[in-house]
Amino acid sequence: MSVIAGFMVPHPPMIVPAVGRGSEVEVEETTKAYERVAEEIAEIAPETIIISSPHTVMYSDYFHISPGRGARGSFRDFGAPEVSFDEEYDEELVREICRMADECHFRAGTMGERDQNLDHATMVPLYFIRQKYKGGKIIRVGLSGLPLTEHYALGMMIQQAVSKLGRRAVYVASGDLSHKLQDYGPYGFAPEGPVYDERIMDVMGRGAFGELFDFDEAFCEKAAECGHRSFVIMAGALDGMSVKVEKHSHQDVTGVGYGICSFFVGEHDESRKFLDAYLDRQAEASREQLEHADEYVKLAWKSLESYITSHKTIDVPDGLPSEMLEQQAGAFVSIHENGALRGCIGTILPTTECVAQEIIDNAVSASTRDPRFDPITPEEIPWLEINVDVLSEPEDIDSPEQLDVKKYGVIVSCGSRRGLLLPDLDGVDTVEQQIRIAMQKGGIREGEKIKLQRFTVTRHK
């Protein structure tokens, strides 16, 4: 057996009558759709219910799978302690997923925090499921800050583990949609909110899981969604299989989007290997970028590739444009993989005799010494995208009014502490944001006396 079906569901506690105390009638359409999903799961009678939750333990670089024999929980924090759960984990399946992850050095497992209490994003689906179906153990999977491709790959690993053990399993992807749909909602309104909801319901309603990779990270953050990564793991658990989709409901009456869909697995379908197809497209885009890149980016590529594959730092090659050999300037090398930042290190002021050497050194550092990331491996090279920013000399400014997030980068200093942010970055829309992020990077606290500098960049892609 394998993963027989997947379900996209929200997790508003107020949908539970003992919590909502009458307010749940606002989302009656969602309630009825949830009840239908519970009936569908009961008809399947799974041995294991796999639930991914945005509100269980979450790490930036690791997928946490809840360990132990089981967990308990209740809606006590929402004023309804009488609604409680005592769930048993499928320990054998958890062990198999962890074994597979260890075998291929995939960052997932049961290490880290041992949270014995079920979170509300797990309990809301279970509330409806347990009204109709008492059987089956569960697995609880956390999300991470890793790229969407890694979330999909985790789903594929779960699919393989389920198949190996012959489990009859369903996957429940718990996640709300945008939290910024209405001015009167608890999180306010953002124009990206309704756009996200419309797009995600269209994609999921068609079962077009490959399009989940096309949601830009900055766009998702502005929309304030919480379920996208959960949906991507579920999509991976259904990789390579045809699906019959039932789009049950979508509501946004509270200012938060609630969407419910069911996906019933059919026959094997090679055309639905969405991660493979996406990686092929990214590799082609990377080849095209390198083919059309200028000498600045090509030099960063050569430096990175040489160091990653043979641990050799290249010399400044012959035939470079004269300005790369004669000019001295600070430079940043930024590396992205499958749309996610993979490394970025640079120099504010020149530290070498020319820009070319600056790029060579910083390409090595960005790919292997950025403390936020593991060193890039040779296997990752085909999917990398590289940008090079050459900085002007910083100039002192008297006020934030002299900044422009699109035109100027900013340096914020306080004594020996200093933080820098490049201009024209996705998700940085205001000068206030720009300064705040630079302060955080420099370890500078609110209220401390700061010095501001600005600079421009010449961006090479």
# chains A, B, ... in the order shown; residues from 1 in each chain; ligands from 1
>>> closest_atom_pairs(of="stretch 218-328 of chain A", to="stretch 335-354 of chain A", cutoff="7 Å", atoms="only C-alpha atoms", output="Markdown table")
| residue | atom | partner | partner_atom | distance |
| --- | --- | --- | --- | --- |
| A:Gln282 | CA | A:Asn338 | CA | 6.5 |
| A:Met324 | CA | A:Cys354 | CA | 6.5 |
| A:Leu325 | CA | A:Cys354 | CA | 5.3 |
| A:Glu326 | CA | A:Cys354 | CA | 5.9 |
| A:Gln327 | CA | A:Cys354 | CA | 5.5 |
| A:Gln328 | CA | A:Cys354 | CA | 4.6 |
>>> residues_around(residues="A:Gln434", least_positions_apart="3", cutoff="12 Å", atoms="only C-alpha atoms", output="PyMOL selection string")
chain A and resi 400+403-412+419-431+437-441+452+454
>>> residues_around(residues="stretch 442-448 of chain A", least_positions_apart="6", cutoff="7 Å", atoms="only C-alpha atoms", output="list in words")
Cys414, Arg417, Arg418 and Gly419 of chain A
>>> select_by_dssp(residues="stretch 73-119 of chain A", states="strand (DSSP E or B)", output="list of chain:residue names")
A:Gly73, A:Ser74, A:Phe75, A:Ala80, A:Pro81, A:Glu82, A:Val83, A:Ser84, A:Phe85, A:Asp86, A:Glu87, A:Glu88, A:Tyr89, A:Ala108, A:Gly109, A:Asn117
>>> write_last_selection(atoms="C-alpha atoms", output="PDB file, in the first residue's frame")
ATOM      1  CA  GLY A  73      -3.575  17.741  23.711  1.00  0.00           C
ATOM      2  CA  SER A  74      -6.672  19.795  24.327  1.00  0.00           C
ATOM      3  CA  PHE A  75      -8.173  23.146  23.421  1.00  0.00           C
ATOM      4  CA  ALA A  80     -12.341  24.337  25.858  1.00  0.00           C
ATOM      5  CA  PRO A  81     -10.273  21.872  27.938  1.00  0.00           C
ATOM      6  CA  GLU A  82     -13.033  19.279  27.600  1.00  0.00           C
ATOM      7  CA  VAL A  83     -12.101  18.782  23.903  1.00  0.00           C
ATOM      8  CA  SER A  84      -9.034  16.608  24.270  1.00  0.00           C
ATOM      9  CA  PHE A  85      -6.963  14.049  22.353  1.00  0.00           C
ATOM     10  CA  ASP A  86      -4.739  11.120  23.217  1.00  0.00           C
ATOM     11  CA  GLU A  87      -3.006   9.987  20.025  1.00  0.00           C
ATOM     12  CA  GLU A  88      -0.585   7.149  19.361  1.00  0.00           C
ATOM     13  CA  TYR A  89       2.301   7.686  16.922  1.00  0.00           C
ATOM     14  CA  ALA A 108      14.837  15.397   8.797  1.00  0.00           C
ATOM     15  CA  GLY A 109      14.275  13.331  11.898  1.00  0.00           C
ATOM     16  CA  ASN A 117       1.533  18.374  23.507  1.00  0.00           C
TER      17      ASN A 117
END
>>> closest_residue(among="A:Met111, A:Leu177, A:Ile308, A:Met58", to="A:Leu143", atoms="only C-alpha atoms")
A:Met58
>>> residues_around(residues="A:Lys302", least_positions_apart="4", cutoff="10 Å", atoms="only C-alpha atoms", output="ChimeraX atom specification")
/A:297-298,306-307,313-314,317,360,363-364
